Amino acid sequence: MTVEGVEETATEAAAAEGAAAEAALGDASADCTVDGAGRLVLRLSAPALAPTARPRLLFVLRTPDARADETGHVLDLARRDDGRWHATLGAEPVLAEGRWDPYLVDGLPDGEPRRRLRPGLLDLRALVGREPADGTADGERPLAVRLPYVTVDRRLAVRTWLRTAHAEAGEIRVGDHALTVCGRLYGARLGDGAAALLRRRGAGTVREAALRADGAHDFTFTVDHRDLLAERGPGPGGDGDAGLDVWDAFVRPEAAAPGNPPSRWVRVGRLLDDVLDRKNVFVYPARTLDGVRVRPYYTVDNELAVELAPVPGSTAASGVRRGVLARLRRR
């Protein structure tokens with residue numbers, strides 16, 4: 001079979017799989033609107049439900065060991081004059097951080113226990129430029145974010161973040177030799193000794209960068225690329241095989257007073273808008289120094305990190321290859 005034939009067969013199989021998933025979802029779909037207070041307003045179309053039915057919505061937190069009978073947050077559905085079933089998930093209860101799957105339960109035909117929902121219209125306009133609820137900035141209440149989205153198998157889900165403190169990244173400027181981040185701190189106030197911290201994954205190495213505060217919450221910090229390059233040493237094999245480094249960004253609101261526990265670190269990320277997967281949407285340019293490409297990016301959880309990777313064909317990349325070969329010879 002030709003390459004084109006293989007690709008065509010794969011496309012047909014994916015289409016058939018998608019059609020099967022749509023059929024399995026049945027005829028229940030939901031429009032979802034998020035308002036400025038973070039409430040989710042859902043309007044369900046479910047022709048299979050009898051007008052006298054008393055259905056409910058069950059929100060289940062997705063976990064590796066989730067069971068079919070697992071309970072979560074339940075909402076009553078009310079049938080309106082437009083023939084659809086309405087429910088509102090208010091600011092309370094606060095949903096734990098993670099991914100939540102809504103199910104239609106009770107009143108389904110043939111005794112069906114629950115059914116996933118197909119997505120309808122998602123109106124997320126209120127999330128753009130949204131300011132968190134009063135009291136979030138100073139930590140009187142946690143930062144709670146809810147973002148409805150469509151899963152890869154065409155089902156409705158809700159991504160939630162819940163942080164006692166959060167450093168919201170704003171403008172990011174990538175210079176030839178340094179990276180500058182502007183942001184706003186929620187859940188804490190900037191005080192004496194406030195700083196930006198970058199922690200190298202897997203090694204625990206920490207680099208501190210000066211942070212300039214503008215009031216109690218707004219901040220700017222700049223990270224010199226060479227400060228991170230200076231930490232690139234031998235990899236796990238001890239053969240100078242430094243490969244990919246990732247540095248996670250934090251803000252330390254203030255220095256700990258003598259004799260007190262260390263000050264907490266607050267993760268830097270961007271959560272306050274309608275973008276679910278920022279990693280593939282906000283793509284920043286890379287800068288190359290000494291054969292190493294330096295690039296800021298957002299993780300799968302929309303948190304800010306800096307990646308250092310050897311440029312293919314460079315001396316740094318050759319060192320990686322030599323280290324890998326040396327480890328293979330020792331096996």
# chains A, B, ... in the order shown; residues from 1 in each chain; ligands from 1

$ select_by_dssp --residues "region 66-301 of chain A" --states "strand (DSSP E or B)" --output "PyMOL selection string"
chain A and resi 73-76+78-79+85-89+98-105+114-116+118-123+143-150+156-163+166-174+178-186+195-200+206-214+218-224+245-252+266-269+287-289+292-298

$ residues_around --residues "Ala286 (chain A)" --least-positions-apart "5" --cutoff "12 Å" --atoms "only C-alpha atoms" --output "number ranges by chain"
A: 173-179, 225, 292-297, 306-311

$ write_last_selection --atoms "all heavy atoms" --output "short mmCIF file (atom, residue, chain, number, x, y, z; two decimals), in the first residue's frame"
data_model
loop_
_atom_site.label_atom_id
_atom_site.label_comp_id
_atom_site.auth_asym_id
_atom_site.auth_seq_id
_atom_site.Cartn_x
_atom_site.Cartn_y
_atom_site.Cartn_z
N ARG A 173 8.57 39.72 27.31
CA ARG A 173 9.46 40.26 26.28
C ARG A 173 10.72 39.39 26.21
O ARG A 173 11.41 39.22 27.22
CB ARG A 173 9.81 41.71 26.58
CG ARG A 173 8.59 42.63 26.64
CD ARG A 173 9.00 44.10 26.70
NE ARG A 173 9.67 44.43 27.94
CZ ARG A 173 9.05 44.87 29.04
NH1 ARG A 173 7.71 45.01 29.04
NH2 ARG A 173 9.72 45.18 30.13
N VAL A 174 10.99 38.88 25.01
CA VAL A 174 12.16 38.03 24.80
C VAL A 174 13.23 38.85 24.10
O VAL A 174 13.09 39.20 22.92
CB VAL A 174 11.79 36.79 23.96
CG1 VAL A 174 13.01 35.89 23.79
CG2 VAL A 174 10.65 36.02 24.60
N GLY A 175 14.28 39.18 24.83
CA GLY A 175 15.39 39.93 24.26
C GLY A 175 16.50 39.01 23.80
O GLY A 175 16.43 37.78 23.95
N ASP A 176 17.55 39.59 23.25
CA ASP A 176 18.67 38.78 22.77
C ASP A 176 19.38 38.06 23.91
O ASP A 176 19.90 36.95 23.72
CB ASP A 176 19.67 39.67 22.01
CG ASP A 176 19.11 40.16 20.69
OD1 ASP A 176 18.18 39.51 20.16
OD2 ASP A 176 19.61 41.19 20.17
N HIS A 177 19.43 38.69 25.07
CA HIS A 177 20.21 38.12 26.17
C HIS A 177 19.41 37.96 27.46
O HIS A 177 19.95 37.47 28.46
CB HIS A 177 21.44 39.00 26.45
CG HIS A 177 22.35 39.14 25.28
ND1 HIS A 177 23.17 38.12 24.83
CD2 HIS A 177 22.54 40.18 24.43
CE1 HIS A 177 23.84 38.52 23.77
NE2 HIS A 177 23.48 39.77 23.50
N ALA A 178 18.14 38.37 27.45
CA ALA A 178 17.37 38.30 28.70
C ALA A 178 15.88 38.18 28.39
O ALA A 178 15.42 38.49 27.29
CB ALA A 178 17.64 39.53 29.57
N LEU A 179 15.17 37.73 29.39
CA LEU A 179 13.73 37.55 29.32
C LEU A 179 13.09 38.42 30.40
O LEU A 179 13.48 38.35 31.57
CB LEU A 179 13.39 36.07 29.56
CG LEU A 179 11.94 35.71 29.85
CD1 LEU A 179 11.10 35.85 28.59
CD2 LEU A 179 11.85 34.27 30.38
N HIS A 225 19.74 35.27 30.37
CA HIS A 225 19.89 33.91 29.82
C HIS A 225 21.18 33.26 30.29
O HIS A 225 21.22 32.04 30.53
CB HIS A 225 19.87 33.98 28.29
CG HIS A 225 18.56 34.42 27.73
ND1 HIS A 225 18.42 34.91 26.44
CD2 HIS A 225 17.32 34.44 28.26
CE1 HIS A 225 17.15 35.22 26.23
NE2 HIS A 225 16.48 34.95 27.31
N VAL A 292 23.15 26.93 22.44
CA VAL A 292 21.99 26.51 23.22
C VAL A 292 20.81 27.45 22.91
O VAL A 292 20.96 28.67 22.93
CB VAL A 292 22.29 26.54 24.73
CG1 VAL A 292 21.04 26.18 25.54
CG2 VAL A 292 23.42 25.57 25.07
N ARG A 293 19.67 26.85 22.63
CA ARG A 293 18.47 27.63 22.34
C ARG A 293 17.69 27.85 23.64
O ARG A 293 17.35 26.89 24.35
CB ARG A 293 17.59 26.89 21.32
CG ARG A 293 16.35 27.67 20.89
CD ARG A 293 15.50 26.89 19.91
NE ARG A 293 16.17 26.70 18.64
CZ ARG A 293 16.51 25.52 18.12
NH1 ARG A 293 16.24 24.41 18.80
NH2 ARG A 293 17.10 25.44 16.96
N VAL A 294 17.39 29.12 23.94
CA VAL A 294 16.67 29.49 25.16
C VAL A 294 15.29 29.99 24.75
O VAL A 294 15.16 30.89 23.92
CB VAL A 294 17.43 30.58 25.94
CG1 VAL A 294 16.68 30.93 27.23
CG2 VAL A 294 18.86 30.16 26.22
N ARG A 295 14.25 29.42 25.36
CA ARG A 295 12.88 29.76 24.94
C ARG A 295 11.92 29.67 26.11
O ARG A 295 11.83 28.64 26.78
CB ARG A 295 12.42 28.80 23.84
CG ARG A 295 11.02 29.06 23.32
CD ARG A 295 10.64 28.03 22.25
NE ARG A 295 10.50 26.70 22.81
CZ ARG A 295 9.35 26.20 23.28
NH1 ARG A 295 8.26 26.96 23.28
NH2 ARG A 295 9.29 24.97 23.76
N PRO A 296 11.15 30.75 26.38
CA PRO A 296 10.07 30.64 27.38
C PRO A 296 8.87 29.94 26.76
O PRO A 296 8.63 30.03 25.55
CB PRO A 296 9.76 32.10 27.70
CG PRO A 296 10.10 32.84 26.44
CD PRO A 296 11.26 32.11 25.83
N TYR A 297 8.11 29.25 27.59
CA TYR A 297 6.90 28.60 27.09
C TYR A 297 5.96 28.35 28.26
O TYR A 297 6.34 28.43 29.43
CB TYR A 297 7.23 27.28 26.38
CG TYR A 297 7.57 26.14 27.31
CD1 TYR A 297 6.62 25.17 27.63
CD2 TYR A 297 8.85 26.01 27.87
CE1 TYR A 297 6.91 24.11 28.47
CE2 TYR A 297 9.15 24.96 28.72
CZ TYR A 297 8.19 24.01 29.01
OH TYR A 297 8.48 22.98 29.86
N VAL A 306 11.04 28.05 31.34
CA VAL A 306 12.05 28.42 30.35
C VAL A 306 12.80 27.14 29.97
O VAL A 306 13.27 26.40 30.84
CB VAL A 306 13.04 29.46 30.90
CG1 VAL A 306 14.06 29.84 29.81
CG2 VAL A 306 12.31 30.71 31.38
N GLU A 307 12.91 26.91 28.68
CA GLU A 307 13.56 25.70 28.15
C GLU A 307 14.90 26.05 27.54
O GLU A 307 15.01 27.01 26.79
CB GLU A 307 12.65 25.07 27.10
CG GLU A 307 13.23 23.84 26.42
CD GLU A 307 12.35 23.37 25.28
OE1 GLU A 307 12.53 23.86 24.14
OE2 GLU A 307 11.47 22.53 25.52
N LEU A 308 15.90 25.25 27.87
CA LEU A 308 17.23 25.36 27.27
C LEU A 308 17.54 24.05 26.57
O LEU A 308 17.52 22.99 27.20
CB LEU A 308 18.30 25.64 28.33
CG LEU A 308 18.45 27.09 28.83
CD1 LEU A 308 17.25 27.52 29.65
CD2 LEU A 308 19.74 27.25 29.64
N ALA A 309 17.81 24.12 25.27
CA ALA A 309 18.06 22.90 24.50
C ALA A 309 19.20 23.14 23.53
O ALA A 309 19.29 24.22 22.93
CB ALA A 309 16.81 22.49 23.73
N PRO A 310 20.09 22.17 23.35
CA PRO A 310 21.19 22.34 22.41
C PRO A 310 20.69 22.45 20.97
O PRO A 310 19.75 21.75 20.58
CB PRO A 310 22.03 21.07 22.61
CG PRO A 310 21.09 20.08 23.20
CD PRO A 310 20.11 20.86 24.02
N VAL A 311 21.30 23.32 20.21
CA VAL A 311 20.94 23.47 18.80
C VAL A 311 21.53 22.29 18.03
O VAL A 311 22.72 21.97 18.19
CB VAL A 311 21.49 24.80 18.24
CG1 VAL A 311 21.21 24.91 16.75
CG2 VAL A 311 20.88 25.97 19.00
#

$ select_by_dssp --residues "region 56-229 of chain A" --states "helix (DSSP H, G or I)" --output "list in words"
Pro109, Asp110, Gly111, Arg125, Ala126, Leu127, His225, Arg226, Asp227, Leu228 and Leu229 of chain A

$ closest_residue --among "A:Pro102, A:Gly36, A:Gly193, A:Pro51" --to "Arg130 (chain A)" --atoms "only C-alpha atoms"
A:Gly36

$ residues_around --residues "Val206 (chain A)" --least-positions-apart "4" --cutoff "10 Å" --atoms "only C-alpha atoms" --output "CSV table (one decimal) with N, CA, C and O atoms, in the first residue's frame"
chain,number,residue,atom,x,y,z
A,197,LEU,N,12.1,33.6,41.2
A,197,LEU,CA,12.9,32.4,41.4
A,197,LEU,C,12.7,31.5,40.2
A,197,LEU,O,11.6,31.2,39.8
A,198,LEU,N,13.8,30.9,39.7
A,198,LEU,CA,13.7,29.9,38.7
A,198,LEU,C,14.3,28.6,39.2
A,198,LEU,O,15.5,28.6,39.6
A,199,ARG,N,13.6,27.5,39.2
A,199,ARG,CA,14.0,26.3,39.7
A,199,ARG,C,14.2,25.3,38.6
A,199,ARG,O,13.3,25.0,37.8
A,200,ARG,N,15.4,24.7,38.5
A,200,ARG,CA,15.7,23.7,37.5
A,200,ARG,C,15.0,22.3,37.8
A,200,ARG,O,15.3,21.8,38.9
A,201,ARG,N,14.3,21.8,36.9
A,201,ARG,CA,13.6,20.6,37.2
A,201,ARG,C,14.6,19.4,37.3
A,201,ARG,O,15.6,19.3,36.5
A,228,LEU,N,21.2,31.2,33.5
A,228,LEU,CA,20.7,29.8,33.4
A,228,LEU,C,21.7,29.0,32.6
A,228,LEU,O,21.9,27.8,33.0
A,231,GLU,N,24.5,27.3,34.7
A,231,GLU,CA,24.1,26.1,35.5
A,231,GLU,C,24.1,24.8,34.7
A,231,GLU,O,23.9,23.7,35.2
A,247,TRP,N,13.4,25.2,33.4
A,247,TRP,CA,13.4,26.0,34.6
A,247,TRP,C,11.9,26.5,34.8
A,247,TRP,O,11.4,27.2,34.0
A,248,ASP,N,11.3,26.2,36.0
A,248,ASP,CA,10.0,26.7,36.3
A,248,ASP,C,10.1,28.0,37.1
A,248,ASP,O,11.0,28.2,37.9
A,249,ALA,N,9.2,29.0,36.7
A,249,ALA,CA,9.2,30.3,37.3
A,249,ALA,C,8.3,30.5,38.5
A,249,ALA,O,7.1,30.0,38.4

$ atom_distance --atom1 "CA of Ala53 (chain A)" --atom2 "CA of Gly72 (chain A)"
21.1 Å

$ residues_around --residues "Leu75 (chain A)" --least-positions-apart "4" --cutoff "8 Å" --atoms "only C-alpha atoms" --output "PyMOL selection string"
chain A and resi 56-58+87-89

$ write_last_selection --atoms "N, CA, C and O atoms" --output "PDB file, in the first residue's frame"
ATOM      1  N   ARG A  56     -30.810  15.350  36.453  1.00  0.00           N
ATOM      2  CA  ARG A  56     -29.821  16.165  37.147  1.00  0.00           C
ATOM      3  C   ARG A  56     -28.501  16.097  36.372  1.00  0.00           C
ATOM      4  O   ARG A  56     -28.294  15.229  35.528  1.00  0.00           O
ATOM      5  N   LEU A  57     -27.610  17.050  36.698  1.00  0.00           N
ATOM      6  CA  LEU A  57     -26.252  17.038  36.158  1.00  0.00           C
ATOM      7  C   LEU A  57     -25.291  16.631  37.269  1.00  0.00           C
ATOM      8  O   LEU A  57     -25.364  17.154  38.383  1.00  0.00           O
ATOM      9  N   LEU A  58     -24.400  15.709  36.941  1.00  0.00           N
ATOM     10  CA  LEU A  58     -23.388  15.247  37.880  1.00  0.00           C
ATOM     11  C   LEU A  58     -22.012  15.622  37.332  1.00  0.00           C
ATOM     12  O   LEU A  58     -21.640  15.206  36.238  1.00  0.00           O
ATOM     13  N   ALA A  87     -29.571  24.754  34.042  1.00  0.00           N
ATOM     14  CA  ALA A  87     -28.940  24.647  35.364  1.00  0.00           C
ATOM     15  C   ALA A  87     -27.823  25.668  35.435  1.00  0.00           C
ATOM     16  O   ALA A  87     -27.227  26.036  34.415  1.00  0.00           O
ATOM     17  N   THR A  88     -27.527  26.133  36.641  1.00  0.00           N
ATOM     18  CA  THR A  88     -26.440  27.083  36.863  1.00  0.00           C
ATOM     19  C   THR A  88     -25.525  26.561  37.953  1.00  0.00           C
ATOM     20  O   THR A  88     -25.976  26.230  39.057  1.00  0.00           O
ATOM     21  N   LEU A  89     -24.245  26.468  37.635  1.00  0.00           N
ATOM     22  CA  LEU A  89     -23.235  26.110  38.631  1.00  0.00           C
ATOM     23  C   LEU A  89     -22.667  27.408  39.171  1.00  0.00           C
ATOM     24  O   LEU A  89     -21.906  28.106  38.494  1.00  0.00           O
TER      25      LEU A  89
END

$ closest_atom_pairs --of "region 89-128 of chain A" --to "region 147-163 of chain A" --cutoff "10 Å" --atoms "only C-alpha atoms" --output "Markdown table"
| residue | atom | partner | partner_atom | distance |
| --- | --- | --- | --- | --- |
| A:Val94 | CA | A:Leu162 | CA | 8.2 |
| A:Leu95 | CA | A:Thr160 | CA | 7.0 |
| A:Ala96 | CA | A:Leu162 | CA | 6.3 |
| A:Glu97 | CA | A:Trp161 | CA | 4.5 |
| A:Gly98 | CA | A:Thr160 | CA | 5.3 |
| A:Arg99 | CA | A:Arg159 | CA | 4.5 |
| A:Trp100 | CA | A:Val158 | CA | 5.1 |
| A:Asp101 | CA | A:Ala157 | CA | 4.8 |
| A:Pro102 | CA | A:Ala157 | CA | 6.4 |
| A:Tyr103 | CA | A:Leu156 | CA | 9.2 |
| A:Arg116 | CA | A:Arg155 | CA | 6.9 |
| A:Leu117 | CA | A:Leu156 | CA | 5.7 |
| A:Arg118 | CA | A:Arg155 | CA | 4.9 |
| A:Pro119 | CA | A:Leu156 | CA | 4.9 |
| A:Gly120 | CA | A:Leu156 | CA | 8.4 |
| A:Leu122 | CA | A:Pro148 | CA | 7.3 |
| A:Asp123 | CA | A:Pro148 | CA | 9.0 |
| A:Leu124 | CA | A:Leu147 | CA | 7.9 |
| A:Leu127 | CA | A:Leu147 | CA | 8.5 |

$ closest_residue --among "A:Ala230, A:Val181, A:Glu208, A:Gly215" --to "Gly269 (chain A)" --atoms "only C-alpha atoms"
A:Val181

$ residues_around --residues "Ser45 (chain A)" --least-positions-apart "3" --cutoff "6 Å" --atoms "only C-alpha atoms" --output "list in words"
Ala28, Ser29 and Arg84 of chain A

$ atom_distance --atom1 "CA of Ala257 (chain A)" --atom2 "CA of Ala194 (chain A)"
12.2 Å

$ closest_residue --among "A:Leu108, A:Val60, A:Ala256, A:Ala78" --to "Ala48 (chain A)" --atoms "only C-alpha atoms"
A:Leu108

$ residues_around --residues "Gly129 (chain A)" --least-positions-apart "6" --cutoff "12 Å" --atoms "only C-alpha atoms" --output "list in words"
Gly36, Gly170, Arg270, Leu271, Leu272, Asp273, Asp274 and Val275 of chain A

$ write_last_selection --atoms "C-alpha atoms" --output "PDB file, in the first residue's frame"
ATOM      1  CA  GLY A  36     -18.266  37.612  34.814  1.00  0.00           C
ATOM      2  CA  GLY A 170       1.096  39.447  31.455  1.00  0.00           C
ATOM      3  CA  ARG A 270      -1.533  32.647  32.922  1.00  0.00           C
ATOM      4  CA  LEU A 271      -5.024  31.492  33.852  1.00  0.00           C
ATOM      5  CA  LEU A 272      -7.289  34.518  33.555  1.00  0.00           C
ATOM      6  CA  ASP A 273      -8.675  34.266  30.039  1.00  0.00           C
ATOM      7  CA  ASP A 274     -10.350  31.786  27.678  1.00  0.00           C
ATOM      8  CA  VAL A 275      -7.281  29.859  26.438  1.00  0.00           C
TER       9      VAL A 275
END

$ decode --residues "region 117-128 of chain A" --atoms "all heavy atoms" --output "PDB file, in the first residue's frame"
ATOM      1  N   LEU A 117     -22.119  14.440  27.744  1.00  0.00           N
ATOM      2  CA  LEU A 117     -22.794  15.462  26.959  1.00  0.00           C
ATOM      3  C   LEU A 117     -21.964  15.872  25.748  1.00  0.00           C
ATOM      4  O   LEU A 117     -20.740  16.033  25.842  1.00  0.00           O
ATOM      5  CB  LEU A 117     -23.055  16.705  27.813  1.00  0.00           C
ATOM      6  CG  LEU A 117     -23.938  16.506  29.048  1.00  0.00           C
ATOM      7  CD1 LEU A 117     -23.965  17.789  29.867  1.00  0.00           C
ATOM      8  CD2 LEU A 117     -25.346  16.091  28.639  1.00  0.00           C
ATOM      9  N   ARG A 118     -22.652  16.051  24.636  1.00  0.00           N
ATOM     10  CA  ARG A 118     -22.010  16.652  23.476  1.00  0.00           C
ATOM     11  C   ARG A 118     -21.946  18.152  23.688  1.00  0.00           C
ATOM     12  O   ARG A 118     -22.845  18.741  24.265  1.00  0.00           O
ATOM     13  CB  ARG A 118     -22.788  16.336  22.196  1.00  0.00           C
ATOM     14  CG  ARG A 118     -22.666  14.884  21.743  1.00  0.00           C
ATOM     15  CD  ARG A 118     -23.294  14.665  20.383  1.00  0.00           C
ATOM     16  NE  ARG A 118     -24.747  14.799  20.421  1.00  0.00           N
ATOM     17  CZ  ARG A 118     -25.433  15.793  19.877  1.00  0.00           C
ATOM     18  NH1 ARG A 118     -24.799  16.789  19.274  1.00  0.00           N
ATOM     19  NH2 ARG A 118     -26.750  15.834  19.943  1.00  0.00           N
ATOM     20  N   PRO A 119     -20.889  18.815  23.227  1.00  0.00           N
ATOM     21  CA  PRO A 119     -20.798  20.271  23.398  1.00  0.00           C
ATOM     22  C   PRO A 119     -21.672  21.002  22.396  1.00  0.00           C
ATOM     23  O   PRO A 119     -21.787  20.598  21.233  1.00  0.00           O
ATOM     24  CB  PRO A 119     -19.315  20.558  23.132  1.00  0.00           C
ATOM     25  CG  PRO A 119     -18.902  19.464  22.183  1.00  0.00           C
ATOM     26  CD  PRO A 119     -19.690  18.242  22.588  1.00  0.00           C
ATOM     27  N   GLY A 120     -22.300  22.052  22.860  1.00  0.00           N
ATOM     28  CA  GLY A 120     -23.016  22.962  21.972  1.00  0.00           C
ATOM     29  C   GLY A 120     -22.208  24.238  21.841  1.00  0.00           C
ATOM     30  O   GLY A 120     -20.985  24.208  21.666  1.00  0.00           O
ATOM     31  N   LEU A 121     -22.862  25.375  21.976  1.00  0.00           N
ATOM     32  CA  LEU A 121     -22.181  26.665  21.910  1.00  0.00           C
ATOM     33  C   LEU A 121     -21.511  26.959  23.245  1.00  0.00           C
ATOM     34  O   LEU A 121     -22.148  26.906  24.295  1.00  0.00           O
ATOM     35  CB  LEU A 121     -23.192  27.770  21.580  1.00  0.00           C
ATOM     36  CG  LEU A 121     -22.663  29.211  21.608  1.00  0.00           C
ATOM     37  CD1 LEU A 121     -21.630  29.417  20.505  1.00  0.00           C
ATOM     38  CD2 LEU A 121     -23.801  30.205  21.484  1.00  0.00           C
ATOM     39  N   LEU A 122     -20.218  27.286  23.196  1.00  0.00           N
ATOM     40  CA  LEU A 122     -19.482  27.698  24.394  1.00  0.00           C
ATOM     41  C   LEU A 122     -19.233  29.198  24.308  1.00  0.00           C
ATOM     42  O   LEU A 122     -18.496  29.662  23.438  1.00  0.00           O
ATOM     43  CB  LEU A 122     -18.147  26.945  24.504  1.00  0.00           C
ATOM     44  CG  LEU A 122     -18.212  25.416  24.555  1.00  0.00           C
ATOM     45  CD1 LEU A 122     -16.822  24.834  24.794  1.00  0.00           C
ATOM     46  CD2 LEU A 122     -19.184  24.934  25.618  1.00  0.00           C
ATOM     47  N   ASP A 123     -19.852  29.952  25.203  1.00  0.00           N
ATOM     48  CA  ASP A 123     -19.705  31.408  25.221  1.00  0.00           C
ATOM     49  C   ASP A 123     -18.768  31.778  26.363  1.00  0.00           C
ATOM     50  O   ASP A 123     -19.156  31.782  27.537  1.00  0.00           O
ATOM     51  CB  ASP A 123     -21.073  32.072  25.400  1.00  0.00           C
ATOM     52  CG  ASP A 123     -21.008  33.588  25.292  1.00  0.00           C
ATOM     53  OD1 ASP A 123     -19.877  34.126  25.253  1.00  0.00           O
ATOM     54  OD2 ASP A 123     -22.069  34.238  25.265  1.00  0.00           O
ATOM     55  N   LEU A 124     -17.518  32.093  26.012  1.00  0.00           N
ATOM     56  CA  LEU A 124     -16.483  32.347  27.016  1.00  0.00           C
ATOM     57  C   LEU A 124     -16.031  33.805  27.001  1.00  0.00           C
ATOM     58  O   LEU A 124     -14.983  34.136  27.560  1.00  0.00           O
ATOM     59  CB  LEU A 124     -15.273  31.430  26.759  1.00  0.00           C
ATOM     60  CG  LEU A 124     -15.574  29.945  26.572  1.00  0.00           C
ATOM     61  CD1 LEU A 124     -14.293  29.181  26.290  1.00  0.00           C
ATOM     62  CD2 LEU A 124     -16.286  29.367  27.786  1.00  0.00           C
ATOM     63  N   ARG A 125     -16.807  34.678  26.391  1.00  0.00           N
ATOM     64  CA  ARG A 125     -16.371  36.065  26.231  1.00  0.00           C
ATOM     65  C   ARG A 125     -16.106  36.762  27.547  1.00  0.00           C
ATOM     66  O   ARG A 125     -15.224  37.618  27.643  1.00  0.00           O
ATOM     67  CB  ARG A 125     -17.433  36.843  25.443  1.00  0.00           C
ATOM     68  CG  ARG A 125     -17.535  36.432  23.973  1.00  0.00           C
ATOM     69  CD  ARG A 125     -18.705  37.119  23.297  1.00  0.00           C
ATOM     70  NE  ARG A 125     -19.983  36.639  23.850  1.00  0.00           N
ATOM     71  CZ  ARG A 125     -21.159  37.130  23.480  1.00  0.00           C
ATOM     72  NH1 ARG A 125     -21.228  38.107  22.579  1.00  0.00           N
ATOM     73  NH2 ARG A 125     -22.276  36.645  24.007  1.00  0.00           N
ATOM     74  N   ALA A 126     -16.837  36.412  28.591  1.00  0.00           N
ATOM     75  CA  ALA A 126     -16.668  37.080  29.887  1.00  0.00           C
ATOM     76  C   ALA A 126     -15.318  36.777  30.530  1.00  0.00           C
ATOM     77  O   ALA A 126     -14.896  37.479  31.457  1.00  0.00           O
ATOM     78  CB  ALA A 126     -17.803  36.682  30.831  1.00  0.00           C
ATOM     79  N   LEU A 127     -14.637  35.718  30.068  1.00  0.00           N
ATOM     80  CA  LEU A 127     -13.346  35.362  30.650  1.00  0.00           C
ATOM     81  C   LEU A 127     -12.220  36.253  30.142  1.00  0.00           C
ATOM     82  O   LEU A 127     -11.163  36.333  30.770  1.00  0.00           O
ATOM     83  CB  LEU A 127     -13.013  33.899  30.333  1.00  0.00           C
ATOM     84  CG  LEU A 127     -13.930  32.849  30.966  1.00  0.00           C
ATOM     85  CD1 LEU A 127     -13.523  31.458  30.493  1.00  0.00           C
ATOM     86  CD2 LEU A 127     -13.899  32.937  32.481  1.00  0.00           C
ATOM     87  N   VAL A 128     -12.415  36.895  28.988  1.00  0.00           N
ATOM     88  CA  VAL A 128     -11.362  37.727  28.402  1.00  0.00           C
ATOM     89  C   VAL A 128     -11.270  39.027  29.182  1.00  0.00           C
ATOM     90  O   VAL A 128     -12.230  39.782  29.286  1.00  0.00           O
ATOM     91  CB  VAL A 128     -11.656  38.007  26.922  1.00  0.00           C
ATOM     92  CG1 VAL A 128     -10.544  38.865  26.319  1.00  0.00           C
ATOM     93  CG2 VAL A 128     -11.785  36.703  26.144  1.00  0.00           C
TER      94      VAL A 128
END
